[in-house]
>>> print(open('input_8.txt').read())   # compact mmCIF, C-alpha atoms
# COMPACT_ATOMS: atom_id res chain seq x y z
CA MET A 122 -88.04 204.45 153.89
CA LYS A 123 -87.24 200.85 153.03
CA ILE A 124 -84.01 200.41 151.09
CA TYR A 125 -84.08 197.62 148.52
CA PRO A 126 -80.83 195.94 147.45
CA ARG A 127 -79.66 196.45 143.87
CA ARG A 128 -77.50 194.24 141.70
CA LEU A 129 -74.58 196.60 142.36
CA THR A 130 -75.04 196.69 146.15
CA PRO A 131 -72.46 193.96 146.99
CA ALA A 132 -69.84 195.43 144.63
CA LEU A 133 -70.16 198.92 146.11
CA GLN A 134 -69.91 197.60 149.65
CA LYS A 135 -66.69 195.77 148.74
CA GLU A 136 -65.30 199.11 147.55
CA ILE A 137 -65.46 200.47 151.12
CA LYS A 138 -62.23 198.65 152.00
CA LYS A 139 -60.42 199.71 148.82
CA THR A 140 -58.58 202.99 148.27
CA ARG A 141 -59.65 203.88 144.71
CA ILE A 142 -62.19 206.55 143.83
CA VAL A 143 -65.63 205.09 143.09
CA VAL A 144 -67.83 206.70 140.45
CA LEU A 145 -71.47 205.66 140.09
CA THR A 146 -73.11 206.90 136.92
CA GLY A 147 -76.43 206.38 135.16
CA MET A 148 -79.57 208.13 134.02
CA ARG A 149 -81.51 210.37 136.38
CA GLN A 150 -83.91 208.70 138.82
CA VAL A 151 -82.47 205.20 138.47
CA GLY A 152 -81.57 205.19 142.19
CA LYS A 153 -77.93 206.35 142.30
CA THR A 154 -78.34 208.57 145.37
CA THR A 155 -80.32 205.91 147.25
CA LEU A 156 -77.70 203.27 146.46
CA MET A 157 -74.89 205.56 147.59
CA ARG A 158 -76.77 206.46 150.78
CA ASP A 159 -77.12 202.75 151.49
CA THR A 160 -73.38 202.28 150.97
CA PHE A 161 -72.71 205.30 153.20
CA ASN A 162 -74.83 203.80 155.98
CA LYS A 163 -72.95 200.49 155.77
CA ILE A 164 -69.62 202.16 156.65
CA GLN A 165 -68.82 201.38 160.29
CA SER A 166 -66.72 204.52 160.78
CA THR A 167 -68.34 207.77 161.92
CA ASN A 168 -65.66 209.72 160.04
CA LYS A 169 -67.74 210.16 156.91
CA ILE A 170 -69.72 212.86 155.16
CA PHE A 171 -72.33 212.96 152.36
CA LEU A 172 -72.57 216.17 150.30
CA ASP A 173 -75.04 217.09 147.55
CA LEU A 174 -73.20 219.28 145.05
CA THR A 175 -76.40 220.81 143.71
CA ASN A 176 -76.34 222.76 147.01
CA PRO A 177 -74.26 225.97 146.46
CA LEU A 178 -73.05 225.85 150.08
CA ASN A 179 -71.52 222.42 149.49
CA GLN A 180 -69.93 223.62 146.27
CA LYS A 181 -68.21 226.41 148.22
CA ILE A 182 -66.29 223.83 150.29
CA PHE A 183 -64.31 222.86 147.17
CA GLU A 184 -63.96 226.35 145.64
CA GLU A 185 -60.38 226.83 146.87
CA LYS A 186 -57.40 227.63 144.69
CA ASN A 187 -55.18 226.09 147.37
CA TYR A 188 -56.53 222.54 147.67
CA ASP A 189 -55.08 222.16 151.18
CA ASN A 190 -57.63 224.72 152.34
CA ILE A 191 -60.40 222.27 151.44
CA ILE A 192 -59.18 220.13 154.32
CA ALA A 193 -59.98 222.92 156.79
CA ASN A 194 -63.40 223.36 155.18
CA LEU A 195 -64.14 219.65 155.60
CA GLU A 196 -62.96 219.66 159.21
CA SER A 197 -65.33 222.54 159.96
CA LEU A 198 -68.13 220.09 159.19
CA GLY A 199 -67.05 217.84 162.05
CA VAL A 200 -64.90 215.22 160.33
CA GLN A 201 -61.22 214.41 160.85
CA THR A 202 -58.74 214.38 157.99
CA ARG A 203 -55.80 212.92 159.93
CA LYS A 204 -57.39 209.48 159.81
CA ARG A 205 -59.29 207.70 157.04
CA LEU A 206 -62.16 209.84 155.85
CA PHE A 207 -65.05 208.80 153.58
CA VAL A 208 -66.40 211.60 151.38
CA PHE A 209 -69.54 211.03 149.28
CA LEU A 210 -70.25 213.64 146.60
CA ASP A 211 -73.60 213.51 144.80
CA GLU A 212 -74.10 215.00 141.30
CA VAL A 213 -70.45 215.84 140.53
CA GLN A 214 -71.29 216.86 136.96
CA VAL A 215 -72.59 220.24 138.22
CA MET A 216 -69.05 221.13 139.34
CA PRO A 217 -66.55 219.94 136.70
CA GLU A 218 -63.58 221.75 138.24
CA ILE A 219 -63.85 219.58 141.37
CA VAL A 220 -62.03 216.67 139.71
CA LYS A 221 -58.59 218.27 140.11
CA SER A 222 -59.11 218.81 143.83
CA ILE A 223 -60.44 215.25 144.26
CA LYS A 224 -57.31 213.87 142.60
CA TYR A 225 -55.08 216.03 144.85
CA LEU A 226 -56.92 215.10 148.05
CA HIS A 227 -56.96 211.42 147.11
CA ASP A 228 -53.19 211.47 146.51
CA HIS A 229 -52.13 213.55 149.54
CA TYR A 230 -54.66 212.61 152.24
CA ASP A 231 -56.30 209.37 153.35
CA ILE A 232 -59.65 210.21 151.78
CA LYS A 233 -61.91 207.64 150.13
CA PHE A 234 -64.23 209.25 147.56
CA PHE A 235 -67.59 207.94 146.36
CA LEU A 236 -69.04 210.06 143.53
CA THR A 237 -72.27 210.04 141.55
CA GLY A 238 -73.03 211.65 138.22
CA SER A 239 -75.87 211.38 135.73
CA SER A 240 -74.01 211.08 132.45
CA SER A 241 -71.14 209.03 131.11
CA PHE A 242 -71.08 211.56 128.26
CA TYR A 243 -69.93 214.11 130.78
CA LEU A 244 -68.02 211.92 133.20
CA LYS A 245 -65.76 210.43 130.54
CA ASN A 246 -64.54 213.94 129.81
CA LEU A 247 -64.63 214.93 133.47
CA PHE A 248 -62.20 212.28 134.66
CA PRO A 249 -58.87 212.60 132.85
CA GLU A 250 -56.36 209.88 132.14
CA SER A 251 -54.38 211.15 135.13
CA LEU A 252 -56.93 209.35 137.28
CA SER A 253 -56.34 206.08 135.45
CA GLY A 254 -55.84 203.34 138.02
CA ARG A 255 -57.18 205.54 140.79
CA LYS A 256 -60.86 205.18 139.91
CA VAL A 257 -63.50 202.60 139.05
CA ILE A 258 -66.77 203.40 137.26
CA TYR A 259 -70.03 201.55 137.90
CA GLU A 260 -73.12 202.04 135.75
CA LEU A 261 -76.62 201.86 137.24
CA PHE A 262 -79.64 201.23 135.02
CA PRO A 263 -83.40 201.07 135.67
CA LEU A 264 -84.40 197.86 137.45
CA ASP A 265 -84.09 194.61 135.54
CA PHE A 266 -86.98 192.22 136.12
CA GLN A 267 -85.30 190.35 138.97
CA GLU A 268 -84.64 193.65 140.77
CA TYR A 269 -88.24 194.65 140.00
CA LEU A 270 -89.46 191.56 141.85
CA VAL A 271 -87.31 192.48 144.86
CA PHE A 272 -88.95 195.92 144.92
CA LYS A 273 -92.34 194.19 144.79
CA ASP A 274 -91.33 191.95 147.72
CA LYS A 275 -91.70 188.94 145.40
CA PRO A 276 -88.07 187.88 144.93
CA LYS A 277 -87.16 184.56 143.42
CA ASN A 278 -83.88 182.69 143.27
CA GLN A 279 -82.07 183.55 140.08
CA VAL A 280 -80.30 180.84 138.13
CA THR A 281 -77.32 182.10 136.12
CA ARG A 282 -76.71 179.22 133.66
CA PHE A 283 -79.04 179.55 130.69
CA SER A 284 -79.27 175.78 130.24
CA ASN A 285 -80.56 175.46 133.80
CA ILE A 286 -83.00 178.35 133.31
CA ALA A 287 -84.43 176.56 130.28
CA LYS A 288 -84.69 173.22 132.10
CA GLY A 289 -86.17 174.73 135.25
CA LYS A 290 -89.19 176.50 133.79
CA ASN A 291 -92.63 175.33 134.84
CA THR A 292 -96.19 176.54 134.34
CA ILE A 293 -96.95 177.11 138.04
CA VAL A 294 -94.11 179.60 138.56
CA TYR A 295 -94.85 181.13 135.16
CA GLU A 296 -98.44 181.87 136.19
CA MET A 297 -97.26 183.33 139.52
CA TYR A 298 -95.11 185.97 137.83
CA LYS A 299 -96.98 186.52 134.55
CA ALA A 300 -98.92 189.60 135.74
CA HIS A 301 -95.78 191.13 137.25
CA TYR A 302 -93.91 190.76 133.99
CA GLN A 303 -96.77 192.36 132.06
CA ASN A 304 -96.71 195.28 134.48
CA TYR A 305 -92.94 195.55 134.04
CA LEU A 306 -93.39 195.64 130.26
CA MET A 307 -95.97 198.42 130.47
CA TYR A 308 -94.40 200.69 133.10
CA GLY A 309 -90.74 199.73 133.19
CA GLY A 310 -88.13 199.69 135.92
CA PHE A 311 -87.59 203.21 137.26
CA PRO A 312 -87.74 202.65 141.04
CA ALA A 313 -90.27 205.42 141.75
CA VAL A 314 -92.59 204.04 139.05
CA VAL A 315 -92.27 200.46 140.35
CA LEU A 316 -93.04 201.47 143.93
CA GLU A 317 -96.06 203.57 142.92
CA ARG A 318 -99.30 201.55 142.90
CA ASP A 319 -101.60 204.06 141.20
CA VAL A 320 -101.51 203.69 137.41
CA THR A 321 -102.24 207.38 136.74
CA ARG A 322 -99.43 208.38 139.07
CA LYS A 323 -97.07 205.91 137.34
CA ARG A 324 -97.69 207.71 134.06
CA GLN A 325 -97.12 211.09 135.72
CA ILE A 326 -93.76 209.95 137.07
CA LEU A 327 -92.71 208.72 133.62
CA GLU A 328 -93.74 212.10 132.20
CA ASP A 329 -91.67 213.85 134.88
CA ILE A 330 -88.63 211.67 134.06
CA PHE A 331 -88.90 212.54 130.36
CA LYS A 332 -89.30 216.26 131.10
CA SER A 333 -86.42 216.16 133.58
CA TYR A 334 -84.17 214.61 130.96
CA PHE A 335 -84.77 217.57 128.65
CA GLU A 336 -84.71 220.25 131.34
CA LYS A 337 -81.56 219.01 133.08
CA ASP A 338 -79.47 216.66 130.95
CA VAL A 339 -80.10 218.05 127.48
CA LYS A 340 -80.03 221.74 128.42
CA THR A 341 -77.11 221.54 130.85
CA LEU A 342 -74.89 218.87 129.30
CA SER A 343 -75.23 219.68 125.61
CA ASP A 344 -74.76 222.74 123.43
CA PHE A 345 -77.47 221.80 120.93
CA LYS A 346 -79.06 224.87 119.43
CA ASN A 347 -82.31 223.21 118.41
CA ILE A 348 -83.43 220.61 120.95
CA SER A 349 -86.79 220.25 119.17
CA LYS A 350 -84.90 218.26 116.52
CA LEU A 351 -83.53 216.01 119.26
CA ARG A 352 -87.09 215.49 120.50
CA ASP A 353 -88.17 214.61 116.95
CA LEU A 354 -85.31 212.09 116.71
CA ILE A 355 -86.42 210.42 119.95
CA LEU A 356 -89.94 210.03 118.54
CA VAL A 357 -88.55 208.55 115.32
CA LEU A 358 -86.27 206.14 117.21
CA ALA A 359 -89.13 204.99 119.46
CA ASN A 360 -90.82 203.60 116.36
CA ARG A 361 -87.62 201.94 115.17
CA VAL A 362 -86.70 200.01 118.33
CA GLY A 363 -85.08 196.71 117.38
CA SER A 364 -84.43 197.97 113.85
CA LYS A 365 -81.27 199.07 112.09
CA ILE A 366 -80.75 202.82 111.98
CA ASP A 367 -80.50 204.47 108.57
CA VAL A 368 -78.96 207.83 109.48
CA SER A 369 -79.40 209.34 106.01
CA LYS A 370 -83.09 208.44 105.95
CA ILE A 371 -83.68 209.80 109.46
CA ALA A 372 -81.79 213.03 108.68
CA SER A 373 -84.03 213.54 105.64
CA GLU A 374 -87.15 212.73 107.63
CA ILE A 375 -86.33 215.18 110.44
CA GLY A 376 -84.86 217.82 108.16
CA THR A 377 -81.32 218.12 109.48
CA ALA A 378 -77.78 217.09 108.57
CA ARG A 379 -76.41 213.56 108.99
CA GLU A 380 -73.62 214.92 111.21
CA THR A 381 -76.27 216.40 113.53
CA ILE A 382 -78.03 213.04 113.78
CA TYR A 383 -74.73 211.36 114.65
CA SER A 384 -74.08 213.90 117.43
CA TYR A 385 -77.62 213.44 118.77
CA LEU A 386 -77.25 209.66 118.78
CA SER A 387 -73.94 209.92 120.62
CA PHE A 388 -75.49 212.19 123.23
CA LEU A 389 -78.58 209.99 123.71
CA GLU A 390 -76.40 206.90 124.12
CA ASN A 391 -73.93 208.49 126.53
CA THR A 392 -76.68 209.94 128.70
CA TYR A 393 -78.19 206.41 128.89
CA PHE A 394 -81.40 207.28 127.03
CA ILE A 395 -80.77 204.74 124.28
CA SER A 396 -78.41 201.84 123.58
CA LEU A 397 -76.95 201.18 120.14
CA LEU A 398 -76.27 197.55 119.25
CA SER A 399 -73.49 196.74 116.79
CA PRO A 400 -73.60 193.84 114.30
CA PHE A 401 -71.78 190.59 115.03
CA SER A 402 -69.14 189.17 112.76
CA LYS A 403 -66.34 186.69 113.34
CA SER A 404 -64.67 187.94 110.19
CA ILE A 405 -65.09 190.61 107.55
CA ASN A 406 -67.12 188.69 105.00
CA GLY A 407 -68.92 191.49 103.21
CA GLU A 408 -72.25 190.06 104.34
CA VAL A 409 -72.68 192.05 107.56
CA ARG A 410 -73.57 195.72 107.32
CA GLY A 411 -72.36 198.23 109.90
CA ALA A 412 -75.73 199.78 110.79
CA LYS A 413 -76.58 199.69 114.48
CA LYS A 414 -79.86 198.72 116.12
CA VAL A 415 -81.49 200.94 118.73
CA TYR A 416 -83.07 200.06 122.08
CA PHE A 417 -84.50 202.35 124.78
CA CYS A 418 -83.32 202.58 128.39
CA ASP A 419 -86.69 201.54 129.83
CA CYS A 420 -89.88 199.93 128.52
CA GLY A 421 -92.10 202.23 130.57
CA LEU A 422 -90.46 205.31 129.08
CA LEU A 423 -90.67 203.81 125.60
CA ASN A 424 -94.33 203.04 126.16
CA TYR A 425 -94.93 206.61 127.36
CA ILE A 426 -93.20 208.18 124.34
CA ALA A 427 -94.82 206.02 121.63
CA ASN A 428 -97.56 203.44 121.42
CA VAL A 429 -95.31 200.68 120.13
CA PRO A 430 -96.50 197.13 119.30
CA GLU A 431 -96.21 194.50 122.01
CA GLY A 432 -93.53 192.59 120.08
CA ILE A 433 -91.25 195.63 119.99
CA LEU A 434 -91.80 196.34 123.68
CA PHE A 435 -90.99 192.71 124.45
CA GLU A 436 -87.78 192.70 122.40
CA ASN A 437 -86.68 195.89 124.16
CA SER A 438 -87.29 194.22 127.51
CA VAL A 439 -85.27 191.14 126.49
CA PHE A 440 -82.37 193.41 125.55
CA LEU A 441 -82.53 195.24 128.91
CA ASN A 442 -82.49 191.97 130.84
CA LEU A 443 -79.79 190.25 128.78
CA ARG A 444 -77.17 193.01 128.93
CA LYS A 445 -76.33 192.33 132.58
CA TYR A 446 -74.74 189.05 131.42
CA GLY A 447 -72.15 190.72 129.17
CA SER A 448 -71.72 192.35 125.76
CA LEU A 449 -74.43 192.03 123.12
CA ASN A 450 -74.50 192.13 119.33
CA TYR A 451 -77.03 191.23 116.68
CA TYR A 452 -76.52 189.30 113.46
CA ALA A 453 -78.07 189.97 110.06
CA ARG A 454 -77.39 188.49 106.66
CA TYR A 455 -77.55 190.95 103.81
CA LYS A 456 -81.21 190.93 102.75
CA GLY A 457 -81.66 187.78 104.80
CA ALA A 458 -82.40 186.28 108.19
CA GLU A 459 -81.53 187.99 111.46
CA LEU A 460 -80.66 186.87 114.97
CA ASP A 461 -81.82 189.28 117.68
CA PHE A 462 -78.94 188.92 120.13
CA ILE A 463 -75.55 187.25 120.49
CA LEU A 464 -74.13 187.35 124.01
CA ASN A 465 -70.37 187.58 124.48
CA LYS A 466 -69.97 186.38 120.87
CA GLN A 467 -70.94 182.87 122.04
CA ILE A 468 -74.66 182.46 122.81
CA GLY A 469 -77.54 183.22 120.45
CA PHE A 470 -81.01 184.48 121.50
CA GLU A 471 -84.18 185.10 119.55
CA ALA A 472 -87.04 187.00 121.23
CA LYS A 473 -90.56 185.71 120.53
CA ILE A 474 -93.79 186.44 122.36
CA LYS A 475 -95.05 183.00 121.32
CA ALA A 476 -92.86 180.26 119.88
CA GLY A 477 -93.19 176.77 118.44
CA ASN A 478 -90.98 174.06 116.95
CA PHE A 479 -90.76 175.96 113.65
CA ASP A 480 -89.08 178.88 115.45
CA MET A 481 -86.73 176.50 117.23
CA ASN A 482 -85.69 174.78 113.99
CA LYS A 483 -85.08 178.14 112.32
CA LEU A 484 -82.93 179.30 115.26
CA THR A 485 -80.96 176.04 115.21
CA ARG A 486 -80.12 176.46 111.51
CA MET A 487 -79.09 180.07 111.99
CA CYS A 488 -76.84 179.41 115.00
CA SER A 489 -75.28 176.32 113.45
CA GLY A 490 -74.22 178.47 110.50
CA LEU A 491 -72.58 180.89 112.95
CA ASP A 492 -70.87 178.11 114.94
CA LEU A 493 -72.86 179.08 118.03
CA ARG A 494 -73.22 175.89 120.08
CA GLU A 495 -75.49 177.48 122.68
CA TYR A 496 -78.71 179.25 121.70
CA TYR A 497 -82.20 179.85 123.08
CA LEU A 498 -85.62 181.22 122.28
CA VAL A 499 -86.65 183.87 124.82
CA VAL A 500 -90.44 183.76 125.11
CA LYS A 501 -93.14 185.68 126.91
CA VAL A 502 -95.81 182.95 126.67
CA PHE A 503 -94.88 179.59 128.19
CA ALA A 504 -93.53 177.17 125.57
CA ASP A 505 -92.74 173.53 126.28
CA ILE A 506 -89.55 173.58 124.22
CA SER A 507 -86.27 172.40 125.71
CA LYS A 508 -84.30 175.46 124.57
CA ALA A 509 -86.96 178.04 125.38
CA ILE A 510 -86.31 180.48 128.23
CA LEU A 511 -89.09 182.48 129.84
CA ALA A 512 -88.30 186.20 129.68
CA GLN A 513 -89.43 186.50 133.29
CA ASP A 514 -86.58 184.14 134.28
CA LEU A 515 -83.73 186.21 132.79
>>> encode(input="input_8.txt", output="structure tokens")
Amino acid sequence: MKIYPRRLTPALQKEIKKTRIVVLTGMRQVGKTTLMRDTFNKIQSTNKIFLDLTNPLNQKIFEEKNYDNIIANLESLGVQTRKRLFVFLDEVQVMPEIVKSIKYLHDHYDIKFFLTGSSSFYLKNLFPESLSGRKVIYELFPLDFQEYLVFKDKPKNQVTRFSNIAKGKNTIVYEMYKAHYQNYLMYGGFPAVVLERDVTRKRQILEDIFKSYFEKDVKTLSDFKNISKLRDLILVLANRVGSKIDVSKIASEIGTARETIYSYLSFLENTYFISLLSPFSKSINGEVRGAKKVYFCDCGLLNYIANVPEGILFENSVFLNLRKYGSLNYYARYKGAELDFILNKQIGFEAKIKAGNFDMNKLTRMCSGLDLREYYLVVKVFADISKAILAQDL
């Protein structure tokens, strides 16, 4: 099977030479195991082992009250513990008690650990402060559009300065990638979906991912008594993508308590199903309200769950492709104009399928009032405007 590089590939390979514990987390089926396997294969040493902790036999290796006995168990698998050993453990969230033994083995033996887990909700509780300084956490998401193009064997050089992206756009390249971007909007960036050519099969895979989320993450990582209410919340949120969340209104609509909605939102965010975007403010001026906006982890999954308008799907895609550049907020005046995204509290972005000079003038006025010197329209349809960026170029 061909292994495609991910955005995190170089960072993980640099970790091979470091001593700290590496944790790779993210939603199911985003490619964590494949990425770790690739890292495993890049290690020159033969003194390495890859264990899937969903296998009860592999779990047994670490089920020792005396952690020194784990060393003998590992050596029985053909590795040496008297010299540097690389241990890869997949799906650590199924065995929470393993963290204590990992800490002990890391501190007392020359063992380099690479771990994967499918939920920051769980992993943040799983790794105590005692591991502070000993670990680094990487988050893996569904493919952004540039990674998507790599998986389609259509890579293009990515420019990182937004001013250069805006200047460099042209209609020829736009036409070359237009169909790919439309496909990305419709079916999203889960690797298995991207690599599948049959449209019916793509939809089946998205259905399987949604079912798997409920069967594995929700049922095993939460203690929710009524997951049908969680399902109802997901359906409500799918139709509110890009909008501010009114928890009281949603609680009334679903028929449950506000506190329950808050706990559901926290779970959905920390298992990577949704992202919640906070409002931007340089100061407390009474004009900005604290409500958060919601975006989904993947456009394909969003499209599977609800038949949302193209504009909403596009805005969700812009969010997914902007977040790799840093932290995002939105801005909204009380009962007034809004700005879709502010990156790193410095650069403004407004998502528009089609845009003209009117949109550019409006954005300029908004960003000038916020003292944002850099700002851009992010468009789906080619626009010959100096500060317009094609979404397919992000």
>>> atom_distance(input="input_8.txt", atom1="CA of Asp329 in chain A", atom2="CA of Ile433 in chain A")
23.5 Å
>>> closest_residue(input="input_8.txt", among="A:Glu268, A:Ala287, A:Glu336, A:Asn482", to="Ala504 in chain A", atoms="only C-alpha atoms")
A:Ala287
>>> residues_around(input="input_8.txt", residues="range 438-452 of chain A", least_positions_apart="4", cutoff="6 Å", atoms="all atoms listed in the file", output="list in words")
Asp265, Leu398, Ser399, Pro400, Phe401, Glu459, Leu460, Asp461, Phe462, Ile463, Leu464 and Asn465 of chain A
>>> atom_distance(input="input_8.txt", atom1="CA of Ile124 in chain A", atom2="CA of Arg158 in chain A")
9.4 Å
>>> closest_residue(input="input_8.txt", among="A:Thr392, A:Asn179, A:Thr321, A:Asn194", to="Tyr334 in chain A", atoms="only C-alpha atoms")
A:Thr392
>>> atom_distance(input="input_8.txt", atom1="CA of Arg255 in chain A", atom2="CA of Gln201 in chain A")
22.3 Å
>>> residues_around(input="input_8.txt", residues="Asp514 in chain A", least_positions_apart="2", cutoff="7 Å", atoms="only C-alpha atoms", output="number ranges by chain")
A: 286, 511-512
>>> residues_near_point(input="input_8.txt", point="(-89.5, 185.9, 129.9)", cutoff="9 Å", atoms="all atoms listed in the file", output="short mmCIF file (atom, residue, chain, number, x, y, z; two decimals) with C-alpha atoms, in the frame of the given file")
data_model
loop_
_atom_site.label_atom_id
_atom_site.label_comp_id
_atom_site.auth_asym_id
_atom_site.auth_seq_id
_atom_site.Cartn_x
_atom_site.Cartn_y
_atom_site.Cartn_z
CA TYR A 295 -94.85 181.13 135.16
CA LYS A 299 -96.98 186.52 134.55
CA TYR A 302 -93.91 190.76 133.99
CA PHE A 435 -90.99 192.71 124.45
CA SER A 438 -87.29 194.22 127.51
CA VAL A 439 -85.27 191.14 126.49
CA ILE A 474 -93.79 186.44 122.36
CA VAL A 499 -86.65 183.87 124.82
CA VAL A 500 -90.44 183.76 125.11
CA LYS A 501 -93.14 185.68 126.91
CA VAL A 502 -95.81 182.95 126.67
CA PHE A 503 -94.88 179.59 128.19
CA ILE A 510 -86.31 180.48 128.23
CA LEU A 511 -89.09 182.48 129.84
CA ALA A 512 -88.30 186.20 129.68
CA GLN A 513 -89.43 186.50 133.29
CA ASP A 514 -86.58 184.14 134.28
CA LEU A 515 -83.73 186.21 132.79
#
>>> residues_around(input="input_8.txt", residues="range 339-346 of chain A", least_positions_apart="3", cutoff="12 Å", atoms="all atoms listed in the file", output="PyMOL selection string")
chain A and resi 148-149+214-217+238-244+246-247+331-336+349-352+381-382+384-385+387-389+391-394
>>> write_last_selection(input="input_8.txt", atoms="C-alpha atoms", output="mmCIF file, keeping the file's coordinate frame")
data_model
loop_
_atom_site.group_PDB
_atom_site.id
_atom_site.type_symbol
_atom_site.label_atom_id
_atom_site.label_comp_id
_atom_site.auth_asym_id
_atom_site.auth_seq_id
_atom_site.Cartn_x
_atom_site.Cartn_y
_atom_site.Cartn_z
ATOM 1 C CA MET A 148 -79.570 208.130 134.020
ATOM 2 C CA ARG A 149 -81.510 210.370 136.380
ATOM 3 C CA GLN A 214 -71.290 216.860 136.960
ATOM 4 C CA VAL A 215 -72.590 220.240 138.220
ATOM 5 C CA MET A 216 -69.050 221.130 139.340
ATOM 6 C CA PRO A 217 -66.550 219.940 136.700
ATOM 7 C CA GLY A 238 -73.030 211.650 138.220
ATOM 8 C CA SER A 239 -75.870 211.380 135.730
ATOM 9 C CA SER A 240 -74.010 211.080 132.450
ATOM 10 C CA SER A 241 -71.140 209.030 131.110
ATOM 11 C CA PHE A 242 -71.080 211.560 128.260
ATOM 12 C CA TYR A 243 -69.930 214.110 130.780
ATOM 13 C CA LEU A 244 -68.020 211.920 133.200
ATOM 14 C CA ASN A 246 -64.540 213.940 129.810
ATOM 15 C CA LEU A 247 -64.630 214.930 133.470
ATOM 16 C CA PHE A 331 -88.900 212.540 130.360
ATOM 17 C CA LYS A 332 -89.300 216.260 131.100
ATOM 18 C CA SER A 333 -86.420 216.160 133.580
ATOM 19 C CA TYR A 334 -84.170 214.610 130.960
ATOM 20 C CA PHE A 335 -84.770 217.570 128.650
ATOM 21 C CA GLU A 336 -84.710 220.250 131.340
ATOM 22 C CA SER A 349 -86.790 220.250 119.170
ATOM 23 C CA LYS A 350 -84.900 218.260 116.520
ATOM 24 C CA LEU A 351 -83.530 216.010 119.260
ATOM 25 C CA ARG A 352 -87.090 215.490 120.500
ATOM 26 C CA THR A 381 -76.270 216.400 113.530
ATOM 27 C CA ILE A 382 -78.030 213.040 113.780
ATOM 28 C CA SER A 384 -74.080 213.900 117.430
ATOM 29 C CA TYR A 385 -77.620 213.440 118.770
ATOM 30 C CA SER A 387 -73.940 209.920 120.620
ATOM 31 C CA PHE A 388 -75.490 212.190 123.230
ATOM 32 C CA LEU A 389 -78.580 209.990 123.710
ATOM 33 C CA ASN A 391 -73.930 208.490 126.530
ATOM 34 C CA THR A 392 -76.680 209.940 128.700
ATOM 35 C CA TYR A 393 -78.190 206.410 128.890
ATOM 36 C CA PHE A 394 -81.400 207.280 127.030
#
>>> closest_residue(input="input_8.txt", among="A:Lys153, A:Lys273, A:Arg361, A:Lys456", to="Asn304 in chain A", atoms="only C-alpha atoms")
A:Lys273
>>> closest_residue(input="input_8.txt", among="A:Ala509, A:Ile137, A:Ile468, A:Gly152", to="Ser489 in chain A", atoms="all atoms listed in the file")
A:Ile468
>>> residues_around(input="input_8.txt", residues="Leu327 in chain A", least_positions_apart="5", cutoff="12 Å", atoms="only C-alpha atoms", output="number ranges by chain")
A: 149-151, 307-315, 317, 320-322, 332-334, 419-426
>>> closest_residue(input="input_8.txt", among="A:Asp353, A:Glu390, A:Asp338, A:Ala458", to="Ala372 in chain A", atoms="all atoms listed in the file")
A:Asp353
>>> closest_residue(input="input_8.txt", among="A:Leu498, A:Val143, A:Leu198, A:Val362", to="Leu178 in chain A", atoms="all atoms listed in the file")
A:Leu198
